[in-house]
>>> print(open('data_9.csv').read())   # CSV, N, CA and C atoms and all ligand atoms
chain,number,residue,atom,x,y,z
A,272,LYS,N,10.6,15.5,-24.9
A,272,LYS,CA,11.4,15.1,-26.1
A,272,LYS,C,10.9,13.7,-26.6
A,273,ARG,N,11.0,13.4,-27.8
A,273,ARG,CA,10.5,12.2,-28.4
A,273,ARG,C,11.1,10.9,-27.8
A,274,LYS,N,12.4,10.9,-27.6
A,274,LYS,CA,13.0,9.7,-27.1
A,274,LYS,C,12.5,9.4,-25.7
A,275,GLU,N,12.4,10.5,-24.9
A,275,GLU,CA,11.8,10.4,-23.5
A,275,GLU,C,10.4,9.8,-23.5
A,276,ASP,N,9.6,10.3,-24.5
A,276,ASP,CA,8.2,9.9,-24.6
A,276,ASP,C,8.1,8.4,-24.9
A,277,TYR,N,9.1,7.9,-25.8
A,277,TYR,CA,9.1,6.4,-26.1
A,277,TYR,C,9.4,5.6,-24.8
A,278,LYS,N,10.3,6.2,-24.0
A,278,LYS,CA,10.7,5.5,-22.7
A,278,LYS,C,9.5,5.4,-21.8
A,279,LEU,N,8.8,6.6,-21.6
A,279,LEU,CA,7.6,6.6,-20.7
A,279,LEU,C,6.5,5.8,-21.2
A,280,ARG,N,6.4,5.6,-22.5
A,280,ARG,CA,5.3,4.7,-23.1
A,280,ARG,C,5.7,3.3,-22.7
A,281,GLU,N,6.9,2.9,-22.8
A,281,GLU,CA,7.4,1.6,-22.4
A,281,GLU,C,7.1,1.3,-20.9
A,282,LEU,N,7.4,2.4,-20.1
A,282,LEU,CA,7.1,2.3,-18.6
A,282,LEU,C,5.6,2.0,-18.4
A,283,ARG,N,4.7,2.8,-19.1
A,283,ARG,CA,3.3,2.6,-18.9
A,283,ARG,C,2.9,1.2,-19.2
A,284,ILE,N,3.4,0.6,-20.3
A,284,ILE,CA,3.0,-0.8,-20.7
A,284,ILE,C,3.5,-1.7,-19.6
A,285,PHE,N,4.7,-1.5,-19.0
A,285,PHE,CA,5.2,-2.3,-18.0
A,285,PHE,C,4.3,-2.2,-16.7
A,286,LEU,N,4.0,-1.0,-16.3
A,286,LEU,CA,3.2,-0.7,-15.1
A,286,LEU,C,1.8,-1.3,-15.2
A,287,ARG,N,1.2,-1.2,-16.4
A,287,ARG,CA,-0.1,-1.8,-16.6
A,287,ARG,C,-0.1,-3.3,-16.3
A,288,ASP,N,1.0,-3.9,-16.7
A,288,ASP,CA,1.1,-5.4,-16.5
A,288,ASP,C,1.3,-5.7,-15.1
A,289,ILE,N,2.1,-4.9,-14.4
A,289,ILE,CA,2.3,-5.1,-12.9
A,289,ILE,C,0.9,-4.9,-12.2
A,290,CYS,N,0.2,-3.8,-12.5
A,290,CYS,CA,-1.1,-3.5,-11.9
A,290,CYS,C,-2.1,-4.6,-12.1
A,291,ARG,N,-2.1,-5.2,-13.4
A,291,ARG,CA,-3.0,-6.3,-13.7
A,291,ARG,C,-2.7,-7.5,-12.9
A,292,LYS,N,-1.4,-7.8,-12.7
A,292,LYS,CA,-1.0,-9.0,-12.0
A,292,LYS,C,-1.5,-8.9,-10.5
A,293,LEU,N,-1.2,-7.7,-9.9
A,293,LEU,CA,-1.6,-7.5,-8.5
A,293,LEU,C,-3.1,-7.5,-8.3
A,294,ALA,N,-3.9,-6.9,-9.2
A,294,ALA,CA,-5.3,-6.8,-9.1
A,294,ALA,C,-6.0,-8.1,-9.4
A,295,SER,N,-5.3,-9.0,-10.1
A,295,SER,CA,-6.0,-10.3,-10.4
A,295,SER,C,-5.6,-11.4,-9.4
A,296,ASN,N,-4.8,-11.0,-8.4
A,296,ASN,CA,-4.4,-12.0,-7.3
A,296,ASN,C,-5.5,-11.9,-6.3
A,297,ARG,N,-6.3,-13.0,-6.0
A,297,ARG,CA,-7.4,-13.0,-5.1
A,297,ARG,C,-7.0,-12.5,-3.7
A,298,ARG,N,-5.8,-12.7,-3.3
A,298,ARG,CA,-5.3,-12.3,-2.0
A,298,ARG,C,-5.5,-10.8,-1.8
A,299,PHE,N,-5.4,-10.0,-2.9
A,299,PHE,CA,-5.4,-8.6,-2.8
A,299,PHE,C,-6.7,-7.9,-3.2
A,300,TYR,N,-7.8,-8.7,-3.3
A,300,TYR,CA,-9.1,-8.2,-3.7
A,300,TYR,C,-9.5,-7.0,-2.9
A,301,LYS,N,-9.2,-6.9,-1.6
A,301,LYS,CA,-9.7,-5.8,-0.8
A,301,LYS,C,-9.1,-4.5,-1.2
A,302,PHE,N,-7.9,-4.5,-2.0
A,302,PHE,CA,-7.2,-3.3,-2.4
A,302,PHE,C,-7.5,-2.9,-3.8
A,303,THR,N,-8.5,-3.6,-4.5
A,303,THR,CA,-8.7,-3.4,-5.9
A,303,THR,C,-9.6,-2.2,-6.2
A,304,LYS,N,-10.4,-1.8,-5.2
A,304,LYS,CA,-11.3,-0.7,-5.5
A,304,LYS,C,-11.2,0.3,-4.3
A,305,PRO,N,-11.6,1.6,-4.5
A,305,PRO,CA,-11.6,2.5,-3.4
A,305,PRO,C,-12.5,2.0,-2.2
A,306,VAL,N,-12.1,2.3,-1.0
A,306,VAL,CA,-12.9,2.1,0.2
A,306,VAL,C,-14.2,2.8,0.0
A,307,ASP,N,-15.3,2.2,0.2
A,307,ASP,CA,-16.7,2.8,0.0
A,307,ASP,C,-17.0,3.8,1.1
A,308,LEU,N,-16.9,5.1,0.7
A,308,LEU,CA,-17.0,6.2,1.7
A,308,LEU,C,-18.5,6.3,2.2
A,309,GLU,N,-19.4,5.7,1.5
A,309,GLU,CA,-20.8,5.7,2.0
A,309,GLU,C,-21.0,4.6,3.1
A,310,GLU,N,-20.1,3.5,3.0
A,310,GLU,CA,-20.2,2.4,3.9
A,310,GLU,C,-19.3,2.7,5.1
A,311,VAL,N,-18.1,3.3,4.8
A,311,VAL,CA,-17.1,3.6,5.9
A,311,VAL,C,-17.1,5.1,6.1
A,312,THR,N,-18.0,5.6,6.9
A,312,THR,CA,-18.3,7.1,6.9
A,312,THR,C,-17.2,7.9,7.6
A,313,ASP,N,-16.4,7.2,8.4
A,313,ASP,CA,-15.3,8.0,9.1
A,313,ASP,C,-13.9,7.9,8.3
A,314,TYR,N,-13.9,7.2,7.2
A,314,TYR,CA,-12.7,6.8,6.5
A,314,TYR,C,-11.8,8.1,6.3
A,315,LEU,N,-12.4,9.2,5.7
A,315,LEU,CA,-11.6,10.3,5.3
A,315,LEU,C,-11.2,11.2,6.6
A,316,GLU,N,-11.7,10.9,7.7
A,316,GLU,CA,-11.3,11.6,9.0
A,316,GLU,C,-9.9,11.0,9.4
A,317,ILE,N,-9.7,9.8,9.0
A,317,ILE,CA,-8.4,9.1,9.4
A,317,ILE,C,-7.4,9.0,8.2
A,318,ILE,N,-7.9,8.7,7.0
A,318,ILE,CA,-7.1,8.5,5.9
A,318,ILE,C,-7.2,9.7,4.9
A,319,LYS,N,-6.1,10.5,4.9
A,319,LYS,CA,-6.1,11.7,4.1
A,319,LYS,C,-5.9,11.5,2.6
A,320,GLN,N,-5.3,10.4,2.2
A,320,GLN,CA,-5.0,10.2,0.8
A,320,GLN,C,-5.3,8.7,0.5
A,321,PRO,N,-6.6,8.4,0.2
A,321,PRO,CA,-7.0,7.1,-0.2
A,321,PRO,C,-6.3,6.6,-1.4
A,322,MET,N,-6.0,5.3,-1.6
A,322,MET,CA,-5.4,4.8,-2.8
A,322,MET,C,-5.9,3.3,-3.0
A,323,ASP,N,-6.0,2.9,-4.2
A,323,ASP,CA,-6.3,1.5,-4.6
A,323,ASP,C,-5.8,1.2,-5.9
A,324,LEU,N,-5.9,-0.1,-6.3
A,324,LEU,CA,-5.2,-0.6,-7.6
A,324,LEU,C,-6.0,-0.1,-8.8
A,325,GLU,N,-7.3,0.1,-8.7
A,325,GLU,CA,-8.0,0.6,-9.9
A,325,GLU,C,-7.7,2.0,-10.2
A,326,THR,N,-7.6,2.8,-9.1
A,326,THR,CA,-7.1,4.2,-9.2
A,326,THR,C,-5.7,4.3,-9.8
A,327,MET,N,-4.8,3.3,-9.4
A,327,MET,CA,-3.5,3.3,-9.9
A,327,MET,C,-3.5,3.0,-11.4
A,328,MET,N,-4.3,2.1,-11.8
A,328,MET,CA,-4.4,1.8,-13.3
A,328,MET,C,-4.8,3.0,-14.1
A,329,THR,N,-5.8,3.8,-13.5
A,329,THR,CA,-6.2,5.0,-14.2
A,329,THR,C,-5.1,6.0,-14.2
A,330,LYS,N,-4.3,6.1,-13.1
A,330,LYS,CA,-3.1,7.0,-13.1
A,330,LYS,C,-2.1,6.7,-14.1
A,331,VAL,N,-1.9,5.4,-14.4
A,331,VAL,CA,-0.9,5.0,-15.4
A,331,VAL,C,-1.4,5.6,-16.7
A,332,ASP,N,-2.7,5.4,-17.1
A,332,ASP,CA,-3.3,5.8,-18.3
A,332,ASP,C,-3.2,7.4,-18.5
A,333,MET,N,-3.2,8.1,-17.3
A,333,MET,CA,-3.2,9.5,-17.3
A,333,MET,C,-1.8,10.1,-17.2
A,334,HIS,N,-0.8,9.2,-17.5
A,334,HIS,CA,0.6,9.6,-17.5
A,334,HIS,C,1.1,10.2,-16.2
A,335,LYS,N,0.5,9.7,-15.1
A,335,LYS,CA,0.8,10.3,-13.7
A,335,LYS,C,2.1,9.7,-13.2
A,336,TYR,N,2.6,8.6,-13.7
A,336,TYR,CA,3.8,7.9,-13.2
A,336,TYR,C,5.0,8.1,-14.2
A,337,ASN,N,6.1,8.7,-13.8
A,337,ASN,CA,7.2,8.9,-14.7
A,337,ASN,C,8.3,7.9,-14.4
A,338,CYS,N,8.2,7.1,-13.3
A,338,CYS,CA,9.1,6.0,-13.0
A,338,CYS,C,8.5,5.0,-12.1
A,339,ALA,N,9.1,3.8,-12.0
A,339,ALA,CA,8.5,2.8,-11.2
A,339,ALA,C,8.4,3.2,-9.7
A,340,LYS,N,9.4,4.0,-9.2
A,340,LYS,CA,9.4,4.4,-7.8
A,340,LYS,C,8.1,5.1,-7.5
A,341,GLU,N,7.7,6.0,-8.4
A,341,GLU,CA,6.4,6.7,-8.1
A,341,GLU,C,5.2,5.8,-8.0
A,342,PHE,N,5.2,4.7,-8.8
A,342,PHE,CA,4.2,3.7,-8.8
A,342,PHE,C,4.2,3.0,-7.5
A,343,LEU,N,5.4,2.6,-7.0
A,343,LEU,CA,5.6,1.9,-5.8
A,343,LEU,C,5.2,2.7,-4.6
A,344,ASP,N,5.4,4.1,-4.7
A,344,ASP,CA,5.0,5.0,-3.6
A,344,ASP,C,3.5,4.9,-3.4
A,345,ASP,N,2.7,4.7,-4.5
A,345,ASP,CA,1.3,4.5,-4.3
A,345,ASP,C,0.9,3.2,-3.7
A,346,VAL,N,1.7,2.1,-4.1
A,346,VAL,CA,1.4,0.8,-3.5
A,346,VAL,C,1.7,0.9,-2.0
A,347,ASP,N,2.8,1.6,-1.6
A,347,ASP,CA,3.2,1.7,-0.2
A,347,ASP,C,2.1,2.5,0.5
A,348,LEU,N,1.4,3.5,-0.2
A,348,LEU,CA,0.3,4.3,0.4
A,348,LEU,C,-0.9,3.4,0.7
A,349,ILE,N,-1.2,2.5,-0.3
A,349,ILE,CA,-2.3,1.5,-0.1
A,349,ILE,C,-2.1,0.8,1.2
A,350,CYS,N,-0.8,0.3,1.4
A,350,CYS,CA,-0.5,-0.5,2.5
A,350,CYS,C,-0.5,0.3,3.8
A,351,ALA,N,0.1,1.5,3.8
A,351,ALA,CA,0.1,2.3,5.0
A,351,ALA,C,-1.3,2.7,5.4
A,352,ASN,N,-2.2,3.0,4.5
A,352,ASN,CA,-3.6,3.4,4.8
A,352,ASN,C,-4.3,2.2,5.5
A,353,ALA,N,-4.0,1.0,5.0
A,353,ALA,CA,-4.7,-0.2,5.6
A,353,ALA,C,-4.2,-0.5,7.0
A,354,LEU,N,-2.9,-0.3,7.2
A,354,LEU,CA,-2.3,-0.5,8.5
A,354,LEU,C,-2.8,0.6,9.5
A,355,GLU,N,-3.0,1.8,9.0
A,355,GLU,CA,-3.5,2.9,9.9
A,355,GLU,C,-5.0,2.8,10.2
A,356,TYR,N,-5.8,2.4,9.2
A,356,TYR,CA,-7.2,2.4,9.5
A,356,TYR,C,-7.7,1.1,10.2
A,357,ASN,N,-6.8,0.0,10.1
A,357,ASN,CA,-7.2,-1.3,10.7
A,357,ASN,C,-6.1,-1.7,11.7
A,358,PRO,N,-5.9,-1.0,12.8
A,358,PRO,CA,-4.8,-1.2,13.8
A,358,PRO,C,-5.1,-2.2,14.9
A,359,ASP,N,-6.4,-2.8,14.9
A,359,ASP,CA,-6.8,-3.5,16.2
A,359,ASP,C,-6.2,-4.9,16.2
A,360,LYS,N,-6.3,-5.5,17.4
A,360,LYS,CA,-5.8,-6.8,17.7
A,360,LYS,C,-6.8,-7.9,17.2
A,361,THR,N,-7.9,-7.4,16.6
A,361,THR,CA,-8.9,-8.4,16.1
A,361,THR,C,-8.4,-9.2,14.9
A,362,SER,N,-8.9,-10.4,14.7
A,362,SER,CA,-8.4,-11.2,13.6
A,362,SER,C,-8.7,-10.6,12.3
A,363,SER,N,-9.8,-9.8,12.2
A,363,SER,CA,-10.1,-9.2,10.9
A,363,SER,C,-9.1,-8.1,10.6
A,364,ASP,N,-8.8,-7.3,11.6
A,364,ASP,CA,-7.7,-6.2,11.3
A,364,ASP,C,-6.4,-6.9,11.1
A,365,LYS,N,-6.0,-7.9,11.8
A,365,LYS,CA,-4.7,-8.6,11.6
A,365,LYS,C,-4.6,-9.1,10.2
A,366,GLN,N,-5.8,-9.7,9.7
A,366,GLN,CA,-5.8,-10.3,8.3
A,366,GLN,C,-5.6,-9.2,7.3
A,367,ILE,N,-6.2,-8.0,7.5
A,367,ILE,CA,-6.1,-6.9,6.5
A,367,ILE,C,-4.6,-6.4,6.5
A,368,ARG,N,-4.0,-6.3,7.7
A,368,ARG,CA,-2.6,-5.8,7.8
A,368,ARG,C,-1.7,-6.8,7.1
A,369,HIS,N,-2.0,-8.1,7.3
A,369,HIS,CA,-1.1,-9.2,6.7
A,369,HIS,C,-1.2,-9.1,5.2
A,370,GLU,N,-2.5,-8.9,4.7
A,370,GLU,CA,-2.7,-8.8,3.2
A,370,GLU,C,-2.0,-7.5,2.7
A,371,ALA,N,-2.1,-6.4,3.4
A,371,ALA,CA,-1.5,-5.2,3.0
A,371,ALA,C,0.0,-5.3,2.9
A,372,CYS,N,0.6,-5.9,3.9
A,372,CYS,CA,2.1,-6.1,3.8
A,372,CYS,C,2.5,-7.1,2.7
A,373,SER,N,1.6,-8.1,2.4
A,373,SER,CA,1.9,-9.0,1.3
A,373,SER,C,1.8,-8.3,0.0
A,374,LEU,N,0.8,-7.4,-0.2
A,374,LEU,CA,0.6,-6.6,-1.4
A,374,LEU,C,1.9,-5.8,-1.7
A,375,ARG,N,2.3,-5.1,-0.6
A,375,ARG,CA,3.5,-4.2,-0.7
A,375,ARG,C,4.7,-5.1,-1.1
A,376,ASP,N,5.0,-6.2,-0.5
A,376,ASP,CA,6.2,-7.0,-0.7
A,376,ASP,C,6.1,-7.6,-2.1
A,377,HIS,N,4.9,-8.1,-2.6
A,377,HIS,CA,4.7,-8.6,-3.9
A,377,HIS,C,5.0,-7.6,-5.0
A,378,ALA,N,4.5,-6.4,-4.8
A,378,ALA,CA,4.7,-5.3,-5.8
A,378,ALA,C,6.2,-5.0,-6.0
A,379,HIS,N,6.9,-4.8,-4.8
A,379,HIS,CA,8.3,-4.5,-4.9
A,379,HIS,C,9.1,-5.7,-5.5
A,380,ALA,N,8.7,-6.9,-5.2
A,380,ALA,CA,9.4,-8.1,-5.7
A,380,ALA,C,9.2,-8.2,-7.2
A,381,LEU,N,7.9,-8.0,-7.7
A,381,LEU,CA,7.6,-8.1,-9.1
A,381,LEU,C,8.4,-7.2,-9.9
A,382,ILE,N,8.5,-5.9,-9.4
A,382,ILE,CA,9.3,-4.9,-10.1
A,382,ILE,C,10.8,-5.2,-10.1
A,383,ASP,N,11.3,-5.6,-8.9
A,383,ASP,CA,12.7,-5.9,-8.8
A,383,ASP,C,13.1,-7.0,-9.8
A,384,VAL,N,12.3,-8.0,-10.0
A,384,VAL,CA,12.6,-9.1,-10.9
A,384,VAL,C,12.4,-8.7,-12.4
A,385,GLU,N,11.3,-7.9,-12.7
A,385,GLU,CA,11.0,-7.7,-14.1
A,385,GLU,C,11.6,-6.4,-14.7
A,386,MET,N,12.0,-5.5,-13.8
A,386,MET,CA,12.5,-4.2,-14.3
A,386,MET,C,14.0,-4.1,-14.4
A,387,ASP,N,14.4,-3.6,-15.6
A,387,ASP,CA,15.8,-3.4,-15.9
A,387,ASP,C,16.2,-2.1,-15.0
A,388,SER,N,17.2,-2.3,-14.2
A,388,SER,CA,17.6,-1.2,-13.2
A,388,SER,C,18.1,0.1,-14.0
A,389,ASP,N,18.8,-0.1,-15.1
A,389,ASP,CA,19.2,1.0,-15.8
A,389,ASP,C,18.0,1.8,-16.4
A,390,PHE,N,17.0,1.0,-16.9
A,390,PHE,CA,15.8,1.7,-17.4
A,390,PHE,C,15.1,2.5,-16.4
A,391,GLU,N,15.0,2.0,-15.1
A,391,GLU,CA,14.4,2.7,-14.0
A,391,GLU,C,15.2,4.0,-13.7
A,392,LEU,N,16.5,3.8,-13.7
A,392,LEU,CA,17.3,5.0,-13.4
A,392,LEU,C,17.1,6.1,-14.5
A,393,GLU,N,17.0,5.7,-15.8
A,393,GLU,CA,16.7,6.7,-16.8
A,393,GLU,C,15.3,7.3,-16.6
A,394,CYS,N,14.4,6.5,-16.2
A,394,CYS,CA,13.0,7.1,-15.9
A,394,CYS,C,13.1,8.0,-14.7
A,395,GLN,N,13.8,7.7,-13.7
A,395,GLN,CA,13.9,8.6,-12.5
A,395,GLN,C,14.6,9.9,-12.9
A,396,GLU,N,15.5,9.9,-13.9
A,396,GLU,CA,16.1,11.1,-14.4
A,396,GLU,C,15.1,12.0,-15.1
A,397,ILE,N,14.2,11.3,-15.9
A,397,ILE,CA,13.2,12.0,-16.6
A,397,ILE,C,12.2,12.6,-15.6
A,398,ALA,N,11.9,11.8,-14.6
A,398,ALA,CA,10.9,12.3,-13.5
A,398,ALA,C,11.5,13.5,-12.8
A,399,ARG,N,12.8,13.5,-12.6
A,399,ARG,CA,13.5,14.6,-11.8
A,399,ARG,C,13.4,15.9,-12.6
A,400,ARG,N,13.5,15.8,-14.0
A,400,ARG,CA,13.5,17.0,-14.8
A,400,ARG,C,12.1,17.5,-15.0
A,401,ARG,N,11.1,16.8,-14.8
A,401,ARG,CA,9.7,17.2,-15.1
A,401,ARG,C,9.0,17.9,-13.9
B,501,LIG,O1,-9.4,-0.3,5.0
B,501,LIG,C1,-10.3,-0.9,4.4
B,501,LIG,C2,-10.0,-1.8,3.2
B,501,LIG,C3,-9.4,-3.1,3.7
B,501,LIG,C4,-8.1,-2.7,3.0
B,501,LIG,C5,-8.7,-1.4,2.5
B,501,LIG,N1,-11.6,-0.8,4.7
B,501,LIG,C6,-12.1,-0.1,5.9
B,501,LIG,C7,-13.2,-1.0,6.4
B,501,LIG,C8,-12.7,-1.7,7.7
B,501,LIG,C9,-12.8,-3.2,7.3
B,501,LIG,C10,-14.2,-3.7,7.4
B,501,LIG,C11,-15.1,-3.6,6.2
B,501,LIG,O2,-16.4,-3.3,6.6
B,501,LIG,C12,-14.7,-2.7,5.1
B,501,LIG,O3,-15.5,-1.6,5.1
B,501,LIG,C13,-13.3,-2.1,5.3
B,501,LIG,C14,-12.7,-1.5,4.1
B,501,LIG,O4,-12.5,-3.1,5.9
>>> encode(input="data_9.csv", output="structure tokens", more="lines below")
Ligand SMILES: O=C(C1CCC1)N1C[C@@H]2C[C@H]3C[C@@H](O)[C@@H](O)[C@]2(C1)O3
Amino acid sequence: KRKEDYKLRELRIFLRDICRKLASNRRFYKFTKPVDLEEVTDYLEIIKQPMDLETMMTKVDMHKYNCAKEFLDDVDLICANALEYNPDKTSSDKQIRHEACSLRDHAHALIDVEMDSDFELECQEIARRR
């Protein structure tokens, strides 16, 4: 329906801005591109659903997100993948896990501050119907 489509277009504009802010934060540079599967040859043996911020930006443009919760589910996936693939006590793994948790918390905080909760509820209703 036309009115729903106007709401989803507003959601896309909002999510592009959130994605841009996350991807431009130097703390989160490790999460901006897909893990290089030619460099990390066992990655897909451990991580069944890779995700990254560039892929999420593409998904926004392809109308893959019908509410902010679906967008945050992919941010949570980026974080969970990093925690799962980098579990060791080494300082490098610890740093990746810290940055992953920081990405997750920043994304949720940005959306909680900038998103009208009634608007998100309306989007979740549209998502449920589709
Ligand atoms: O999990 C990740 C990314 C970090 C958050 C996503 N990677 C898996 C490899 C392990 C670690 C060492 C680097 O050689 C680099 O290849 C990766 C990339 O970091």
>>> residues_around(input="data_9.csv", residues="Phe299 of chain A", least_positions_apart="5", cutoff="7 Å", atoms="only N, CA and C atoms", output="count of residues only")
4
>>> closest_residue(input="data_9.csv", among="A:Arg375, A:His334, A:Lys301, A:Lys278", to="ligand LIG 501 (chain B)", atoms="all atoms listed in the file")
A:Lys301
>>> residues_near_point(input="data_9.csv", point="(-12.2, 0.4, -5.3)", cutoff="9 Å", atoms="only C-alpha atoms", output="list in words")
Lys301, Phe302, Thr303, Lys304, Pro305, Val306, Asp307, Met322, Asp323, Leu324, Glu325 and Thr326 of chain A
>>> residues_around(input="data_9.csv", residues="Ile317 of chain A", least_positions_apart="6", cutoff="8 Å", atoms="all atoms listed in the file", output="count of residues only")
3
>>> atom_distance(input="data_9.csv", atom1="atom C of Leu343 of chain A", atom2="atom C of Leu381 of chain A")
11.7 Å
>>> atom_distance(input="data_9.csv", atom1="atom CA of Leu348 of chain A", atom2="atom C of Ile318 of chain A")
10.3 Å
>>> closest_residue(input="data_9.csv", among="A:Tyr300, A:Phe342, A:Phe390, A:Tyr277", to="ligand LIG 501 (chain B)", atoms="only C-alpha atoms and all ligand atoms")
A:Tyr300
>>> closest_residue(input="data_9.csv", among="A:Asp364, A:Asp376, A:Glu396, A:Glu385", to="ligand LIG 501 (chain B)", atoms="only N, CA and C atoms and all ligand atoms")
A:Asp364
>>> select_by_dssp(input="data_9.csv", residues="segment 294-326 of chain A", states="helix (DSSP H, G or I)", output="VMD selection string")
chain A and resid 294 297 to 302 314 to 317 324 to 326
>>> residues_around(input="data_9.csv", residues="Arg291 of chain A", least_positions_apart="5", cutoff="8 Å", atoms="only N, CA and C atoms", output="ChimeraX atom specification")
/A:285-286,296,324,328
>>> atom_distance(input="data_9.csv", atom1="atom CA of Lys330 of chain A", atom2="atom C of Glu393 of chain A")
18.7 Å
>>> residues_around(input="data_9.csv", residues="Ala371 of chain A", least_positions_apart="6", cutoff="8 Å", atoms="only C-alpha atoms", output="list in words")
Phe299, Ile349, Cys350, Ala351, Ala353 and Leu354 of chain A
>>> closest_residue(input="data_9.csv", among="A:Cys290, A:Leu315, A:Ile382, A:Ile367", to="ligand LIG 501 (chain B)", atoms="all atoms listed in the file")
A:Ile367
>>> residues_around(input="data_9.csv", residues="Glu341 of chain A", least_positions_apart="3", cutoff="12 Å", atoms="only C-alpha atoms", output="list in words")
Leu282, Arg283, Leu286, Met327, Lys330, Val331, His334, Lys335, Tyr336, Asn337, Cys338, Asp344, Asp345, Val346, Asp347, Leu348, His379, Glu391, Cys394, Gln395, Ala398 and Arg399 of chain A
>>> closest_residue(input="data_9.csv", among="A:His377, A:Arg368, A:Lys272, A:Arg400", to="ligand LIG 501 (chain B)", atoms="only C-alpha atoms and all ligand atoms")
A:Arg368
>>> closest_residue(input="data_9.csv", among="A:Gln320, A:Ser373, A:Thr329, A:Asn357", to="ligand LIG 501 (chain B)", atoms="all atoms listed in the file")
A:Asn357
